[in-house]
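J.: Shown below is the structure under consideration.
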Amino acid sequence: MSELSQINTIIQCRCPRCRKGKLFTDSPFSLRFGRRLNIHCPVCNLHFEREPAFFEGALYFNYALNVAIMVSSGVATYVLLGDPGPYVYFGISASMVVLLVTFTSRLSKSMMLHFFGGVDYQPDSYPEGEKKN
Ligand SMILES: [Zn+2]
């Protein structure tokens with residue numbers, strides 16, 4: 001498997017240290033467990049929650065992503081439907097935010113860990129006992 005760039009690692013919700021382990025236990029399409037984080041990286045054993053309540057900072061990223069979705073869906077509504085009423089704008093924008101909540105939640109946690117986790121990329125990071133020679 002080729003190495004992922006940092007942008008691809010963030011989008012695919014992978015570990016910032018090894019870029020291989022998944023941050024989440026299930027797929028984003030799992031309605032029940034789509035946003036459940038692994039406690040440790042399954043590949044390099046990095047503890048993902050860097051400090052207590054670390055991922056509460058992801059709410060700011062989530063807010064920014066939702067604003068971007070609302071603005072872009074508003075612009076798309078204007079271009080495609082030709083300036084409909086305000087309820088149509090609100091309905092389409094709110095629907096897009098609700099439909100994409102699983103993806104924005106996962107992406108915001110991944111961004112928080114990558115930007116503020118204080119973890120550098122170490123391609124040969126393996127837990128003790130599994131180190132390859
Ligand atoms: Zn890892």
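We label chains A, B, ... in the order they appear in the structure tokens, count residues from 1 in each chain, and number ligands from 1 in the order shown.
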Distance limit 10 Å, reference ligand 1, atoms considered: only C-alpha atoms and all ligand atoms. Which residues make the cut? Give them as a list in words.
T.: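 Going residue by residue within 10 Å of ligand 1, we get Arg14, Cys15, Pro16, Arg17, Cys18, Arg19, Lys20, Gly21, Lys22, Leu23, His40, Cys41, Pro42, Val43, Cys44, Asn45, Leu46, His47, Phe48, Tyr121, Gln122, Pro123, Asp124, Ser125, Tyr126 and Pro127 of chain A.
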J.: Mind giving me the straight-line distance from CA of Phe55 (chain A) to CA of Leu113 (chain A) in Å, one decimal?
T.: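 Computing the Euclidean distance for CA of Phe55 (chain A) and CA of Leu113 (chain A) yields 7.8 Å.
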J.: Go through A:Ile69, A:Met111, A:Ile39, A:Leu81 and flag the residue nearest Ile10 (chain A), using only C-alpha atoms for the distances.
T.: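 Closest candidate: A:Met111.
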J.: Per DSSP on the backbone, what are the alpha helix (DSSP H) residues of chain A, as a short mmCIF file (atom, residue, chain, number, x, y, z; two decimals) with N, CA and C atoms, in the first residue's frame?
T.:
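Contents of the output file states01.cif:
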```cif
data_model
loop_
_atom_site.label_atom_id
_atom_site.label_comp_id
_atom_site.auth_asym_id
_atom_site.auth_seq_id
_atom_site.Cartn_x
_atom_site.Cartn_y
_atom_site.Cartn_z
N GLN A 6 -0.74 13.80 3.86
CA GLN A 6 -1.45 14.19 5.08
C GLN A 6 -2.90 14.56 4.79
N ILE A 7 -3.16 15.20 3.65
CA ILE A 7 -4.54 15.55 3.31
C ILE A 7 -5.38 14.28 3.14
N ASN A 8 -4.84 13.30 2.42
CA ASN A 8 -5.57 12.04 2.26
C ASN A 8 -5.75 11.33 3.59
N THR A 9 -4.74 11.43 4.46
CA THR A 9 -4.84 10.80 5.76
C THR A 9 -5.97 11.42 6.58
N ILE A 10 -6.09 12.75 6.53
CA ILE A 10 -7.16 13.42 7.27
C ILE A 10 -8.51 13.03 6.70
N ILE A 11 -8.65 13.05 5.38
CA ILE A 11 -9.94 12.75 4.75
C ILE A 11 -10.34 11.30 5.00
N ALA A 58 -13.00 19.61 18.39
CA ALA A 58 -13.46 19.28 17.04
C ALA A 58 -14.77 19.98 16.72
N LEU A 59 -15.48 20.45 17.72
CA LEU A 59 -16.74 21.16 17.47
C LEU A 59 -16.50 22.42 16.64
N TYR A 60 -15.36 23.06 16.81
CA TYR A 60 -15.06 24.26 16.03
C TYR A 60 -14.84 23.90 14.56
N PHE A 61 -14.13 22.80 14.32
CA PHE A 61 -13.97 22.34 12.93
C PHE A 61 -15.32 21.95 12.35
N ASN A 62 -16.14 21.27 13.17
CA ASN A 62 -17.46 20.85 12.71
C ASN A 62 -18.32 22.06 12.34
N TYR A 63 -18.25 23.09 13.16
CA TYR A 63 -18.99 24.32 12.88
C TYR A 63 -18.55 24.92 11.55
N ALA A 64 -17.24 25.01 11.35
CA ALA A 64 -16.72 25.59 10.10
C ALA A 64 -17.15 24.75 8.89
N LEU A 65 -17.10 23.44 9.03
CA LEU A 65 -17.53 22.58 7.92
C LEU A 65 -19.01 22.77 7.61
N ASN A 66 -19.82 22.87 8.66
CA ASN A 66 -21.26 23.05 8.44
C ASN A 66 -21.57 24.40 7.81
N VAL A 67 -20.84 25.45 8.20
CA VAL A 67 -21.04 26.76 7.56
C VAL A 67 -20.67 26.67 6.08
N ALA A 68 -19.57 25.98 5.78
CA ALA A 68 -19.17 25.82 4.38
C ALA A 68 -20.23 25.06 3.59
N ILE A 69 -20.81 24.03 4.20
CA ILE A 69 -21.87 23.26 3.52
C ILE A 69 -23.09 24.14 3.30
N MET A 70 -23.46 24.92 4.30
CA MET A 70 -24.66 25.77 4.17
C MET A 70 -24.46 26.84 3.10
N VAL A 71 -23.27 27.46 3.09
CA VAL A 71 -23.01 28.50 2.08
C VAL A 71 -22.99 27.89 0.68
N SER A 72 -22.28 26.76 0.53
CA SER A 72 -22.20 26.17 -0.82
C SER A 72 -23.55 25.64 -1.28
N SER A 73 -24.34 25.08 -0.37
CA SER A 73 -25.67 24.61 -0.80
C SER A 73 -26.59 25.80 -1.08
N GLY A 74 -26.41 26.91 -0.40
CA GLY A 74 -27.17 28.11 -0.71
C GLY A 74 -26.82 28.66 -2.08
N VAL A 75 -25.54 28.68 -2.39
CA VAL A 75 -25.11 29.15 -3.72
C VAL A 75 -25.63 28.19 -4.79
N ALA A 76 -25.53 26.90 -4.54
CA ALA A 76 -26.03 25.92 -5.51
C ALA A 76 -27.54 26.05 -5.71
N THR A 77 -28.26 26.30 -4.63
CA THR A 77 -29.71 26.51 -4.74
C THR A 77 -30.01 27.73 -5.59
N TYR A 78 -29.27 28.81 -5.38
CA TYR A 78 -29.48 30.03 -6.16
C TYR A 78 -29.21 29.79 -7.64
N VAL A 79 -28.11 29.09 -7.92
CA VAL A 79 -27.72 28.86 -9.32
C VAL A 79 -28.70 27.91 -10.00
N LEU A 80 -29.07 26.83 -9.30
CA LEU A 80 -29.90 25.81 -9.94
C LEU A 80 -31.38 26.17 -9.97
N LEU A 81 -31.89 26.82 -8.93
CA LEU A 81 -33.33 27.07 -8.85
C LEU A 81 -33.70 28.53 -9.12
N PRO A 86 -37.06 32.07 0.86
CA PRO A 86 -36.12 31.78 1.95
C PRO A 86 -36.32 30.41 2.61
N TYR A 87 -37.56 29.91 2.60
CA TYR A 87 -37.78 28.59 3.20
C TYR A 87 -37.12 27.48 2.37
N VAL A 88 -37.04 27.68 1.08
CA VAL A 88 -36.37 26.69 0.23
C VAL A 88 -34.88 26.69 0.53
N TYR A 89 -34.29 27.90 0.66
CA TYR A 89 -32.87 27.97 1.03
C TYR A 89 -32.62 27.27 2.36
N PHE A 90 -33.44 27.60 3.34
CA PHE A 90 -33.26 27.01 4.66
C PHE A 90 -33.45 25.50 4.62
N GLY A 91 -34.49 25.04 3.92
CA GLY A 91 -34.77 23.60 3.86
C GLY A 91 -33.64 22.82 3.21
N ILE A 92 -33.14 23.32 2.10
CA ILE A 92 -32.07 22.61 1.40
C ILE A 92 -30.79 22.65 2.21
N SER A 93 -30.43 23.82 2.78
CA SER A 93 -29.20 23.92 3.55
C SER A 93 -29.26 23.04 4.80
N ALA A 94 -30.36 23.09 5.52
CA ALA A 94 -30.48 22.27 6.73
C ALA A 94 -30.48 20.79 6.39
N SER A 95 -31.11 20.42 5.28
CA SER A 95 -31.12 19.02 4.87
C SER A 95 -29.71 18.54 4.54
N MET A 96 -28.94 19.37 3.87
CA MET A 96 -27.57 18.97 3.53
C MET A 96 -26.73 18.79 4.80
N VAL A 97 -26.88 19.67 5.77
CA VAL A 97 -26.13 19.54 7.02
C VAL A 97 -26.52 18.26 7.75
N VAL A 98 -27.81 17.96 7.80
CA VAL A 98 -28.26 16.75 8.49
C VAL A 98 -27.80 15.50 7.75
N LEU A 99 -27.87 15.52 6.41
CA LEU A 99 -27.45 14.35 5.64
C LEU A 99 -25.95 14.08 5.78
N VAL A 101 -23.97 14.86 8.41
CA VAL A 101 -23.49 15.00 9.78
C VAL A 101 -22.47 13.92 10.15
N THR A 102 -22.65 12.71 9.67
CA THR A 102 -21.69 11.66 9.99
C THR A 102 -20.32 11.98 9.41
N PHE A 103 -20.30 12.48 8.18
CA PHE A 103 -19.02 12.76 7.54
C PHE A 103 -18.35 13.99 8.17
N THR A 104 -19.11 15.04 8.47
CA THR A 104 -18.49 16.22 9.06
C THR A 104 -18.01 15.94 10.47
N SER A 105 -18.73 15.11 11.21
CA SER A 105 -18.30 14.77 12.56
C SER A 105 -16.99 13.99 12.54
N ARG A 106 -16.91 13.01 11.65
CA ARG A 106 -15.68 12.22 11.55
C ARG A 106 -14.51 13.07 11.06
N LEU A 107 -14.78 13.88 10.04
CA LEU A 107 -13.71 14.70 9.47
C LEU A 107 -13.22 15.73 10.48
N SER A 108 -14.11 16.31 11.28
CA SER A 108 -13.68 17.31 12.25
C SER A 108 -12.83 16.68 13.35
N LYS A 109 -13.15 15.47 13.77
CA LYS A 109 -12.30 14.80 14.76
C LYS A 109 -10.93 14.45 14.17
N SER A 110 -10.92 14.03 12.93
CA SER A 110 -9.66 13.74 12.27
C SER A 110 -8.81 15.01 12.13
N MET A 111 -9.44 16.12 11.77
CA MET A 111 -8.71 17.38 11.66
C MET A 111 -8.16 17.82 13.01
N MET A 112 -8.96 17.66 14.06
CA MET A 112 -8.50 18.05 15.40
C MET A 112 -7.28 17.25 15.80
N LEU A 113 -7.31 15.94 15.56
CA LEU A 113 -6.18 15.10 15.94
C LEU A 113 -4.94 15.42 15.12
N HIS A 114 -5.12 15.69 13.83
CA HIS A 114 -3.96 15.96 12.98
C HIS A 114 -3.37 17.34 13.24
N PHE A 115 -4.22 18.34 13.48
CA PHE A 115 -3.71 19.71 13.61
C PHE A 115 -3.29 20.05 15.04
N PHE A 116 -3.95 19.48 16.03
CA PHE A 116 -3.66 19.85 17.42
C PHE A 116 -3.25 18.67 18.29
#
```
J.: Using only C-alpha atoms, which residues sit within 6 Å of Phe24 (chain A) once same-chain residues fewer than 6 positions away are excluded, as number ranges by chain?
T.: A: 36-38
J.: Could you please determine the separation between CA of Leu31 (chain A) and CA of Gln12 (chain A) in Å, to one decimal place?
T.: 18.0 Å
